[in-house]
>>> print(open('input-v9.csv').read())   # CSV, C-alpha atoms
chain,number,residue,atom,x,y,z
S,1,MET,CA,-8.6,3.7,-26.4
S,2,ASN,CA,-12.0,3.3,-24.7
S,3,ASN,CA,-13.1,0.1,-23.0
S,4,GLY,CA,-15.0,-1.1,-26.0
S,5,GLN,CA,-11.9,-0.8,-28.2
S,6,GLN,CA,-9.8,-2.5,-25.6
S,7,ASP,CA,-12.3,-5.4,-25.5
S,8,VAL,CA,-12.1,-5.7,-29.3
S,9,ARG,CA,-8.3,-5.7,-29.2
S,10,GLN,CA,-8.2,-8.4,-26.5
S,11,GLN,CA,-10.6,-10.6,-28.5
S,12,GLN,CA,-8.3,-10.2,-31.6
S,13,LEU,CA,-5.2,-10.9,-29.4
S,14,SER,CA,-6.9,-14.1,-28.1
S,15,GLU,CA,-7.7,-15.3,-31.6
S,16,TRP,CA,-4.1,-14.6,-32.7
S,17,LEU,CA,-2.7,-16.5,-29.7
S,18,ALA,CA,-5.0,-19.5,-30.3
S,19,ALA,CA,-3.6,-19.8,-33.9
S,20,THR,CA,0.0,-19.1,-32.8
S,21,LEU,CA,-0.2,-21.7,-30.0
S,22,ASN,CA,-1.8,-24.3,-32.2
S,23,ASN,CA,-5.0,-24.2,-30.1
S,24,THR,CA,-3.2,-25.0,-26.9
S,25,GLU,CA,-5.4,-24.2,-24.0
S,26,PHE,CA,-4.6,-20.9,-22.3
S,27,ARG,CA,-6.0,-18.1,-20.3
S,28,LEU,CA,-5.0,-14.4,-20.0
S,29,SER,CA,-4.4,-12.2,-17.0
S,30,THR,CA,-3.3,-8.6,-16.9
S,31,ALA,CA,0.5,-8.3,-16.5
S,32,SER,CA,0.9,-4.6,-16.7
S,33,ALA,CA,0.0,-1.4,-18.6
S,34,ASP,CA,2.6,1.3,-19.1
S,35,ALA,CA,2.5,5.0,-19.7
S,36,SER,CA,1.7,4.5,-23.4
S,37,PHE,CA,-1.0,2.6,-25.3
S,38,ARG,CA,0.7,-0.7,-24.9
S,39,ARG,CA,-0.8,-3.4,-22.7
S,40,TYR,CA,0.8,-6.6,-21.5
S,41,PHE,CA,-1.0,-9.9,-20.7
S,42,ARG,CA,0.3,-13.0,-19.0
S,43,VAL,CA,-0.5,-16.1,-21.0
S,44,HIS,CA,-1.1,-19.1,-18.8
S,45,LEU,CA,-0.5,-22.4,-20.6
S,46,VAL,CA,-1.5,-25.7,-18.9
S,47,SER,CA,0.4,-28.8,-20.0
S,48,ASP,CA,-0.9,-32.3,-19.9
S,49,ASN,CA,0.9,-33.0,-16.7
S,50,GLY,CA,-0.8,-30.0,-15.0
S,51,VAL,CA,2.4,-27.8,-14.9
S,52,GLU,CA,1.7,-24.2,-15.8
S,53,GLU,CA,4.0,-22.3,-18.1
S,54,THR,CA,3.6,-18.6,-18.7
S,55,LEU,CA,4.4,-16.3,-21.6
S,56,ILE,CA,3.8,-12.6,-22.2
S,57,ALA,CA,1.6,-11.2,-24.9
S,58,MET,CA,2.0,-7.5,-25.9
S,59,ASP,CA,-0.9,-5.6,-27.3
S,60,ALA,CA,0.5,-2.5,-29.1
S,61,PRO,CA,-2.4,-1.0,-31.2
S,62,PRO,CA,-1.4,0.6,-34.5
S,63,PRO,CA,-1.2,3.4,-35.4
S,64,GLN,CA,-0.4,4.6,-31.8
S,65,GLU,CA,2.3,2.0,-31.3
S,66,ASN,CA,4.9,0.2,-33.5
S,67,CYS,CA,6.2,-3.2,-32.4
S,68,GLU,CA,9.1,-3.2,-34.9
S,69,PRO,CA,11.6,-1.2,-32.7
S,70,PHE,CA,10.9,-3.6,-29.7
S,71,VAL,CA,11.7,-6.6,-31.9
S,72,ARG,CA,14.8,-5.1,-33.3
S,73,ILE,CA,16.2,-3.7,-30.1
S,74,ALA,CA,15.4,-6.9,-28.1
S,75,ALA,CA,17.7,-8.7,-30.6
S,76,LEU,CA,20.4,-5.9,-30.3
S,77,PHE,CA,20.3,-5.8,-26.5
S,78,GLY,CA,20.1,-9.6,-26.2
S,79,GLU,CA,23.3,-9.9,-28.4
S,80,ALA,CA,25.0,-7.4,-26.0
S,81,GLY,CA,24.3,-9.8,-23.1
S,82,MET,CA,21.3,-8.1,-21.5
S,83,HIS,CA,18.6,-10.4,-20.2
S,84,VAL,CA,15.6,-9.2,-22.3
S,85,PRO,CA,12.5,-11.1,-23.3
S,86,LYS,CA,12.8,-13.4,-26.3
S,87,VAL,CA,10.4,-12.7,-29.1
S,88,ILE,CA,8.6,-16.1,-29.8
S,89,ALA,CA,6.0,-14.9,-32.3
S,90,GLN,CA,5.1,-11.6,-33.9
S,91,ASP,CA,2.3,-9.9,-35.9
S,92,LEU,CA,3.7,-6.5,-36.6
S,93,GLU,CA,0.8,-5.4,-38.8
S,94,ASN,CA,-1.7,-5.9,-36.0
S,95,GLY,CA,0.6,-5.0,-33.1
S,96,PHE,CA,0.8,-8.3,-31.3
S,97,LEU,CA,3.9,-10.0,-29.8
S,98,LEU,CA,4.4,-13.2,-27.9
S,99,LEU,CA,7.4,-13.0,-25.5
S,100,SER,CA,9.2,-15.1,-22.9
S,101,ASP,CA,8.2,-14.2,-19.4
S,102,LEU,CA,10.7,-12.6,-17.1
S,103,GLY,CA,8.4,-12.9,-14.1
S,104,ASP,CA,6.5,-10.3,-12.1
S,105,ILE,CA,9.0,-9.4,-9.3
S,106,THR,CA,10.1,-5.8,-10.1
S,107,TYR,CA,13.2,-4.2,-8.6
S,108,LEU,CA,10.9,-1.6,-7.1
S,109,SER,CA,9.0,-4.2,-5.1
S,110,GLN,CA,12.2,-5.7,-3.7
S,111,LEU,CA,14.5,-2.7,-3.1
S,112,SER,CA,15.5,-2.0,0.5
S,113,LYS,CA,18.6,-0.8,2.3
S,114,GLU,CA,19.7,-4.5,2.6
S,115,SER,CA,19.0,-5.6,-1.0
S,116,ALA,CA,19.8,-2.4,-2.9
S,117,PRO,CA,23.6,-2.9,-3.0
S,118,ASN,CA,23.4,-6.2,-4.8
S,119,LEU,CA,20.5,-5.3,-7.0
S,120,TYR,CA,22.1,-2.0,-8.1
S,121,HIS,CA,25.5,-3.8,-8.7
S,122,ASP,CA,23.8,-6.3,-11.0
S,123,ALA,CA,22.0,-3.5,-12.9
S,124,SER,CA,25.2,-1.5,-13.2
S,125,MET,CA,27.1,-4.5,-14.6
S,126,ALA,CA,24.3,-5.2,-17.1
S,127,LEU,CA,24.5,-1.6,-18.2
S,128,ILE,CA,28.2,-1.8,-18.8
S,129,LYS,CA,27.7,-4.9,-20.9
S,130,LEU,CA,25.2,-3.0,-23.0
S,131,GLN,CA,27.5,0.1,-23.3
S,132,LEU,CA,30.5,-2.0,-24.4
S,133,ALA,CA,28.4,-3.3,-27.3
S,134,SER,CA,27.6,0.2,-28.5
S,135,LYS,CA,28.2,1.3,-32.1
S,136,PRO,CA,27.2,4.5,-33.9
S,137,ASP,CA,24.6,4.6,-36.6
S,138,VAL,CA,22.6,1.6,-35.2
S,139,LEU,CA,20.2,3.5,-33.0
S,140,PRO,CA,18.8,7.0,-33.5
S,141,ASP,CA,21.0,9.8,-32.1
S,142,TYR,CA,20.0,11.5,-28.8
S,143,ASP,CA,20.7,14.8,-30.4
S,144,ALA,CA,20.0,18.4,-29.4
S,145,ALA,CA,16.7,18.5,-31.1
S,146,LEU,CA,15.4,15.5,-29.2
S,147,LEU,CA,16.9,16.6,-25.8
S,148,THR,CA,15.2,20.0,-26.3
S,149,ARG,CA,11.9,18.6,-27.4
S,150,GLU,CA,11.8,16.5,-24.3
S,151,MET,CA,12.5,19.5,-22.0
S,152,GLN,CA,9.9,21.5,-23.8
S,153,LEU,CA,7.3,19.2,-22.2
S,154,PHE,CA,8.1,21.0,-18.9
S,155,PRO,CA,6.8,24.5,-19.9
S,156,ASP,CA,4.1,23.0,-22.2
S,157,TRP,CA,2.6,20.6,-19.7
S,158,TYR,CA,3.9,21.2,-16.2
S,159,ILE,CA,4.0,25.0,-16.1
S,160,SER,CA,1.2,25.8,-18.5
S,161,LYS,CA,-1.3,23.0,-18.0
S,162,HIS,CA,-0.5,21.7,-14.5
S,163,LEU,CA,0.3,25.0,-12.7
S,164,ASN,CA,-1.8,27.1,-15.1
S,165,LEU,CA,1.0,29.7,-15.3
S,166,THR,CA,2.3,31.8,-18.3
S,167,LEU,CA,6.0,32.7,-18.2
S,168,ASP,CA,7.0,36.2,-19.0
S,169,GLU,CA,9.9,36.9,-21.4
S,170,LYS,CA,12.4,37.0,-18.5
S,171,TRP,CA,11.5,33.5,-17.3
S,172,GLN,CA,11.3,32.2,-20.9
S,173,ALA,CA,14.8,33.4,-21.4
S,174,VAL,CA,16.0,31.6,-18.2
S,175,LEU,CA,14.4,28.4,-19.4
S,176,HIS,CA,15.9,28.7,-22.9
S,177,LYS,CA,19.4,29.4,-21.4
S,178,THR,CA,19.1,26.5,-19.0
S,179,PHE,CA,18.2,24.1,-21.9
S,180,GLU,CA,21.3,25.4,-23.8
S,181,ILE,CA,23.6,24.8,-20.8
S,182,LEU,CA,22.4,21.3,-20.2
S,183,ASN,CA,22.6,20.4,-23.9
S,184,GLN,CA,26.1,21.7,-24.2
S,185,ASN,CA,27.3,19.4,-21.4
S,186,ILE,CA,25.2,16.4,-22.4
S,187,LEU,CA,26.2,16.4,-26.1
S,188,ALA,CA,29.9,16.5,-25.1
S,189,GLN,CA,29.6,13.3,-23.0
S,190,GLY,CA,30.8,9.9,-24.3
S,191,LYS,CA,28.1,8.1,-26.4
S,192,VAL,CA,26.7,4.6,-25.9
S,193,TYR,CA,23.5,2.7,-26.3
S,194,VAL,CA,20.9,4.3,-24.0
S,195,HIS,CA,17.9,2.2,-22.8
S,196,ARG,CA,16.2,5.5,-21.8
S,197,ASP,CA,13.9,4.1,-19.1
S,198,TYR,CA,16.4,2.0,-17.0
S,199,HIS,CA,14.6,2.2,-13.6
S,200,ALA,CA,13.2,0.0,-10.9
S,201,ARG,CA,9.8,-0.5,-12.6
S,202,ASN,CA,11.5,-1.9,-15.8
S,203,LEU,CA,14.0,-4.1,-14.1
S,204,MET,CA,12.9,-7.6,-12.9
S,205,VAL,CA,14.4,-9.7,-10.2
S,206,CYS,CA,15.1,-13.1,-11.8
S,207,ALA,CA,17.7,-15.9,-12.1
S,208,ASP,CA,19.8,-13.9,-14.6
S,209,ASN,CA,19.6,-10.5,-12.8
S,210,PRO,CA,18.2,-8.1,-13.9
S,211,GLY,CA,15.5,-8.9,-16.5
S,212,VAL,CA,15.2,-5.7,-18.6
S,213,LEU,CA,11.9,-4.4,-20.1
S,214,ASP,CA,10.6,-1.4,-22.0
S,215,PHE,CA,13.6,-0.7,-24.1
S,216,GLN,CA,11.9,0.1,-27.4
S,217,ASP,CA,12.7,3.8,-27.3
S,218,ALA,CA,16.5,3.2,-27.1
S,219,VAL,CA,18.9,5.7,-28.6
S,220,TYR,CA,22.6,6.4,-29.0
S,221,GLY,CA,23.6,9.1,-26.6
S,222,PRO,CA,25.1,10.2,-23.3
S,223,ILE,CA,26.8,7.6,-21.1
S,224,THR,CA,25.3,9.0,-17.8
S,225,TYR,CA,21.7,8.8,-18.9
S,226,ASP,CA,20.8,5.2,-17.9
S,227,LEU,CA,22.7,5.5,-14.6
S,228,VAL,CA,20.7,8.6,-13.8
S,229,SER,CA,17.5,6.7,-14.5
S,230,LEU,CA,18.7,3.9,-12.2
S,231,LEU,CA,20.0,5.9,-9.3
S,232,LYS,CA,17.8,9.0,-9.4
S,233,ASP,CA,14.7,7.0,-9.9
S,234,ALA,CA,11.3,8.8,-10.0
S,235,TYR,CA,9.7,6.0,-8.0
S,236,ILE,CA,12.2,5.5,-5.1
S,237,GLY,CA,14.7,7.9,-3.5
S,238,TRP,CA,18.0,7.4,-1.7
S,239,GLU,CA,20.3,9.6,0.3
S,240,GLU,CA,22.8,11.5,-1.9
S,241,GLU,CA,25.7,9.9,-0.1
S,242,GLN,CA,24.5,6.5,-1.1
S,243,ILE,CA,23.9,7.6,-4.7
S,244,ILE,CA,27.4,9.0,-4.9
S,245,ASP,CA,28.8,5.7,-3.6
S,246,TRP,CA,26.9,3.7,-6.3
S,247,CYS,CA,28.0,6.2,-8.9
S,248,VAL,CA,31.7,5.8,-7.9
S,249,ARG,CA,31.4,2.0,-8.2
S,250,TYR,CA,29.9,2.2,-11.6
S,251,TRP,CA,32.5,4.8,-12.7
S,252,GLN,CA,35.4,2.6,-11.5
S,253,ALA,CA,34.0,-0.4,-13.4
S,254,ALA,CA,33.3,1.7,-16.5
S,255,ARG,CA,36.9,3.1,-16.5
S,256,LYS,CA,38.3,-0.4,-16.1
S,257,ALA,CA,36.2,-1.5,-19.1
S,258,ASN,CA,37.5,1.5,-21.2
S,259,LEU,CA,34.1,3.1,-21.6
S,260,PRO,CA,34.1,6.8,-22.5
S,261,VAL,CA,33.9,8.3,-19.0
S,262,PRO,CA,36.1,11.1,-17.6
S,263,ASP,CA,39.2,10.2,-15.7
S,264,ASP,CA,38.2,12.5,-12.8
S,265,PHE,CA,35.2,11.4,-10.8
S,266,SER,CA,34.1,14.9,-9.9
S,267,GLU,CA,33.8,15.6,-13.6
S,268,PHE,CA,31.8,12.4,-14.2
S,269,TYR,CA,29.5,13.3,-11.3
S,270,ARG,CA,28.8,16.8,-12.7
S,271,ASP,CA,27.9,15.1,-16.0
S,272,PHE,CA,25.6,12.7,-14.1
S,273,GLU,CA,23.9,15.7,-12.4
S,274,TYR,CA,23.4,17.7,-15.6
S,275,MET,CA,22.0,14.7,-17.3
S,276,GLY,CA,19.7,14.2,-14.3
S,277,ALA,CA,18.5,17.8,-14.6
S,278,GLN,CA,17.5,17.3,-18.2
S,279,ARG,CA,15.8,14.0,-17.4
S,280,HIS,CA,13.9,15.4,-14.5
S,281,ILE,CA,12.7,18.5,-16.4
S,282,LYS,CA,11.4,16.1,-19.0
S,283,VAL,CA,9.8,13.8,-16.5
S,284,LEU,CA,7.9,16.6,-14.8
S,285,GLY,CA,6.4,17.4,-18.1
S,286,ILE,CA,5.6,13.8,-18.9
S,287,PHE,CA,3.9,13.2,-15.5
S,288,ALA,CA,1.8,16.3,-16.0
S,289,ARG,CA,0.8,15.2,-19.5
S,290,LEU,CA,-0.1,11.8,-18.4
S,291,TYR,CA,-2.6,13.4,-15.9
S,292,HIS,CA,-4.0,16.2,-18.0
S,293,ARG,CA,-4.1,14.6,-21.4
S,294,ASP,CA,-4.4,10.8,-20.7
S,295,GLY,CA,-6.3,10.9,-17.4
S,296,LYS,CA,-3.6,8.9,-15.5
S,297,ASP,CA,-3.3,10.4,-12.1
S,298,GLY,CA,-1.0,7.7,-10.6
S,299,TYR,CA,2.1,9.6,-11.4
S,300,LEU,CA,1.2,12.8,-9.6
S,301,LYS,CA,2.5,11.4,-6.3
S,302,ASP,CA,5.9,11.0,-7.8
S,303,ILE,CA,6.3,14.7,-8.8
S,304,PRO,CA,7.7,15.9,-5.4
S,305,LEU,CA,10.6,13.5,-5.5
S,306,VAL,CA,11.5,14.5,-9.1
S,307,MET,CA,11.2,18.2,-8.2
S,308,THR,CA,13.5,17.6,-5.2
S,309,TYR,CA,16.2,16.0,-7.5
S,310,LEU,CA,16.0,19.0,-9.9
S,311,ARG,CA,16.1,21.6,-7.2
S,312,LYS,CA,19.2,20.1,-5.5
S,313,VAL,CA,21.1,20.1,-8.8
S,314,CYS,CA,20.1,23.7,-9.5
S,315,GLU,CA,21.2,24.7,-6.0
S,316,ARG,CA,24.7,23.2,-6.5
S,317,TYR,CA,25.8,24.7,-9.9
S,318,ILE,CA,26.0,28.4,-10.4
S,319,GLU,CA,25.0,28.1,-14.0
S,320,LEU,CA,21.7,26.6,-13.0
S,321,LYS,CA,20.9,29.1,-10.2
S,322,PRO,CA,18.5,31.1,-12.4
S,323,MET,CA,16.6,27.9,-13.0
S,324,LEU,CA,16.3,27.4,-9.3
S,325,ARG,CA,14.8,30.9,-8.9
S,326,LEU,CA,12.2,30.0,-11.6
S,327,LEU,CA,11.3,26.8,-9.6
S,328,GLU,CA,11.1,28.8,-6.4
S,329,SER,CA,8.7,31.2,-8.1
S,330,PHE,CA,6.2,28.3,-8.4
S,331,ASP,CA,6.1,27.9,-4.6
S,332,GLY,CA,2.5,28.4,-3.3
S,333,THR,CA,1.0,27.8,-6.8
S,334,THR,CA,-1.9,25.4,-6.6
S,335,PRO,CA,-1.7,22.7,-9.4
S,336,GLN,CA,-4.7,22.4,-11.8
S,337,VAL,CA,-7.0,19.6,-10.9
S,338,GLY,CA,-9.0,17.9,-13.7
S,339,TYR,CA,-8.2,16.6,-17.1
S,340,THR,CA,-7.7,18.8,-20.1
S,341,PHE,CA,-7.5,16.2,-22.9
>>> encode(input="input-v9.csv", output="structure tokens")
Amino acid sequence: MNNGQQDVRQQQLSEWLAATLNNTEFRLSTASADASFRRYFRVHLVSDNGVEETLIAMDAPPPQENCEPFVRIAALFGEAGMHVPKVIAQDLENGFLLLSDLGDITYLSQLSKESAPNLYHDASMALIKLQLASKPDVLPDYDAALLTREMQLFPDWYISKHLNLTLDEKWQAVLHKTFEILNQNILAQGKVYVHRDYHARNLMVCADNPGVLDFQDAVYGPITYDLVSLLKDAYIGWEEEQIIDWCVRYWQAARKANLPVPDDFSEFYRDFEYMGAQRHIKVLGIFARLYHRDGKDGYLKDIPLVMTYLRKVCERYIELKPMLRLLESFDGTTPQVGYTF
């Protein structure tokens, strides 16, 4: 949307809020904008005694966005015991939601060597609550078609658009084989509800820790996915020894809760790593697309960390060594600068 369209949307949102709040006085401030067309505003309400209360208004313009999954999955995750925003009012036709406010203190802003153990413990325990509530046929399946479609963003946007490279048949075959290997492992993993973006920008530090946001794309799929999002975060990196320690703690708790994880930790960690490779292949494509198609360059600085995660996994497993050689062939390539739209 251009600025003029955004101004019209904000005016429409303000009019809807005025009616929804029975003309209670309020003002709006920007809360956040994510990697989609959605925008979030903090609604500041001033009571008669001068005490300010805040709510969150979501602007999700149709036809680019659909609020219905957010409303449905907020209820599903809330019933599972996750601390998600409550939907106070909704106008699905026009793409407006009024939500409870989980605050503005993200995990990302608070994570440090000192705070991380407690914050990640809370996030892991919340994840286990969600996974224990999982049932098939409630959320869309994270199937082979979706997994592959996500990974295809890597050649389409990172290799072709960002690096301006064309793969020959040999490298195309390597990529195809790698996708098959990853899918085979991932589809054999135990299945649970998957948030799909369970990382430090979408987790909020609050009284009932963590507050969980941005869950509208949830699916039913591999049990390691959200743990990978959490511990191999595109926006903050940790030493591998530390990641393994947090992984072990989650795995022990998951086994105790009778979740579908392997009895052997090394097998679980391999699953975690393969899942990470799929996610990071996808994320590299998404970050390139956000820049070249959507004009959002803020994610380019996060590409090196994501590439480091992917390379390390490909170094460790012999099946993924051909993929490592493909990544190494990019060394010295200068990324494309400028938007393609």
>>> residues_around(input="input-v9.csv", residues="Asn209 of chain S", least_positions_apart="2", cutoff="9 Å", atoms="all atoms listed in the file", output="PyMOL selection string")
chain S and resi 83+119+122-123+126+203-207+211-212
>>> atom_distance(input="input-v9.csv", atom1="atom CA of Lys86 of chain S", atom2="atom CA of Ala57 of chain S")
11.5 Å
>>> residues_near_point(input="input-v9.csv", point="(23.1, 2.6, -28.9)", cutoff="10 Å", atoms="only C-alpha atoms", output="MDAnalysis selection string")
chainID S and resid 73 76:77 130:142 191:195 218:223
>>> residues_around(input="input-v9.csv", residues="segment 267-278 of chain S", least_positions_apart="3", cutoff="10 Å", atoms="all atoms listed in the file", output="MDAnalysis selection string")
chainID S and resid 147:148 150:151 178:179 181:189 222:229 231:233 244 247:248 251 261:264 281:283 306:307 309:314 316:317 320
>>> closest_residue(input="input-v9.csv", among="S:Lys177, S:Pro335, S:Pro69, S:Asp302", to="Lys321 of chain S", atoms="only C-alpha atoms")
S:Lys177
>>> closest_residue(input="input-v9.csv", among="S:Met323, S:Ala234, S:Ile243, S:Ile128", to="Lys256 of chain S", atoms="only C-alpha atoms")
S:Ile128
>>> residues_near_point(input="input-v9.csv", point="(19.3, -0.7, -3.3)", cutoff="10 Å", atoms="all atoms listed in the file", output="count of residues only")
22
>>> atom_distance(input="input-v9.csv", atom1="atom CA of Lys296 of chain S", atom2="atom CA of Pro63 of chain S")
20.8 Å
>>> residues_around(input="input-v9.csv", residues="His199 of chain S", least_positions_apart="2", cutoff="6 Å", atoms="only C-alpha atoms", output="PyMOL selection string")
chain S and resi 197+201-202+229-230
>>> axis_aligned_box(input="input-v9.csv", around="segment 17-21 of chain S", padding_each_side="5 Å", output="lines of an AutoDock Vina configuration file")
center_x = -2.5
center_y = -19.1
center_z = -31.8
size_x = 15.0
size_y = 15.2
size_z = 14.2
>>> decode(input="input-v9.csv", residues="segment 22-31 of chain S", atoms="all heavy atoms", output="mmCIF file, in the first residue's frame")
data_model
loop_
_atom_site.group_PDB
_atom_site.id
_atom_site.type_symbol
_atom_site.label_atom_id
_atom_site.label_comp_id
_atom_site.auth_asym_id
_atom_site.auth_seq_id
_atom_site.Cartn_x
_atom_site.Cartn_y
_atom_site.Cartn_z
ATOM 1 N N ASN S 22 -17.634 3.221 21.787
ATOM 2 C CA ASN S 22 -18.729 4.105 22.218
ATOM 3 C C ASN S 22 -18.253 5.540 22.407
ATOM 4 O O ASN S 22 -18.599 6.202 23.394
ATOM 5 C CB ASN S 22 -19.365 3.578 23.515
ATOM 6 C CG ASN S 22 -20.019 2.220 23.312
ATOM 7 O OD1 ASN S 22 -20.688 1.988 22.316
ATOM 8 N ND2 ASN S 22 -19.792 1.317 24.254
ATOM 9 N N ASN S 23 -17.445 5.993 21.449
ATOM 10 C CA ASN S 23 -16.950 7.373 21.426
ATOM 11 C C ASN S 23 -16.095 7.745 22.639
ATOM 12 O O ASN S 23 -15.949 8.921 22.969
ATOM 13 C CB ASN S 23 -18.109 8.365 21.267
ATOM 14 C CG ASN S 23 -18.746 8.253 19.885
ATOM 15 O OD1 ASN S 23 -18.046 8.232 18.874
ATOM 16 N ND2 ASN S 23 -20.060 8.146 19.849
ATOM 17 N N THR S 24 -15.535 6.721 23.296
ATOM 18 C CA THR S 24 -14.548 6.999 24.343
ATOM 19 C C THR S 24 -13.341 7.691 23.697
ATOM 20 O O THR S 24 -12.906 7.316 22.604
ATOM 21 C CB THR S 24 -14.079 5.690 25.005
ATOM 22 O OG1 THR S 24 -15.216 5.039 25.567
ATOM 23 C CG2 THR S 24 -13.048 5.947 26.093
ATOM 24 N N GLU S 25 -12.794 8.674 24.363
ATOM 25 C CA GLU S 25 -11.659 9.405 23.801
ATOM 26 C C GLU S 25 -10.435 8.485 23.704
ATOM 27 O O GLU S 25 -10.117 7.750 24.644
ATOM 28 C CB GLU S 25 -11.341 10.619 24.683
ATOM 29 C CG GLU S 25 -10.273 11.534 24.103
ATOM 30 C CD GLU S 25 -9.965 12.719 25.013
ATOM 31 O OE1 GLU S 25 -10.775 13.007 25.901
ATOM 32 O OE2 GLU S 25 -8.895 13.323 24.816
ATOM 33 N N PHE S 26 -9.767 8.539 22.572
ATOM 34 C CA PHE S 26 -8.561 7.720 22.400
ATOM 35 C C PHE S 26 -7.626 8.409 21.415
ATOM 36 O O PHE S 26 -8.011 9.306 20.669
ATOM 37 C CB PHE S 26 -8.906 6.319 21.887
ATOM 38 C CG PHE S 26 -9.412 6.280 20.464
ATOM 39 C CD1 PHE S 26 -8.543 6.139 19.385
ATOM 40 C CD2 PHE S 26 -10.773 6.403 20.195
ATOM 41 C CE1 PHE S 26 -8.999 6.112 18.080
ATOM 42 C CE2 PHE S 26 -11.240 6.378 18.886
ATOM 43 C CZ PHE S 26 -10.357 6.233 17.826
ATOM 44 N N ARG S 27 -6.375 7.970 21.434
ATOM 45 C CA ARG S 27 -5.409 8.374 20.417
ATOM 46 C C ARG S 27 -4.640 7.130 19.978
ATOM 47 O O ARG S 27 -4.552 6.143 20.730
ATOM 48 C CB ARG S 27 -4.456 9.452 20.945
ATOM 49 C CG ARG S 27 -3.554 9.023 22.053
ATOM 50 C CD ARG S 27 -2.622 10.152 22.520
ATOM 51 N NE ARG S 27 -1.798 9.719 23.648
ATOM 52 C CZ ARG S 27 -0.647 9.063 23.527
ATOM 53 N NH1 ARG S 27 -0.177 8.769 22.318
ATOM 54 N NH2 ARG S 27 0.046 8.702 24.598
ATOM 55 N N LEU S 28 -4.084 7.185 18.776
ATOM 56 C CA LEU S 28 -3.349 6.053 18.218
ATOM 57 C C LEU S 28 -1.864 6.362 18.134
ATOM 58 O O LEU S 28 -1.476 7.489 17.831
ATOM 59 C CB LEU S 28 -3.855 5.717 16.810
ATOM 60 C CG LEU S 28 -5.295 5.250 16.656
ATOM 61 C CD1 LEU S 28 -5.589 4.957 15.185
ATOM 62 C CD2 LEU S 28 -5.555 4.010 17.501
ATOM 63 N N SER S 29 -1.048 5.351 18.407
ATOM 64 C CA SER S 29 0.386 5.429 18.121
ATOM 65 C C SER S 29 0.777 4.132 17.429
ATOM 66 O O SER S 29 0.107 3.107 17.585
ATOM 67 C CB SER S 29 1.200 5.630 19.404
ATOM 68 O OG SER S 29 1.040 4.521 20.275
ATOM 69 N N THR S 30 1.832 4.170 16.649
ATOM 70 C CA THR S 30 2.266 2.966 15.936
ATOM 71 C C THR S 30 2.836 1.960 16.925
ATOM 72 O O THR S 30 3.721 2.291 17.726
ATOM 73 C CB THR S 30 3.325 3.317 14.883
ATOM 74 O OG1 THR S 30 2.747 4.230 13.947
ATOM 75 C CG2 THR S 30 3.798 2.075 14.142
ATOM 76 N N ALA S 31 2.325 0.722 16.878
ATOM 77 C CA ALA S 31 2.852 -0.338 17.738
ATOM 78 C C ALA S 31 3.909 -1.139 16.983
ATOM 79 O O ALA S 31 5.020 -1.331 17.461
ATOM 80 C CB ALA S 31 1.729 -1.244 18.226
#
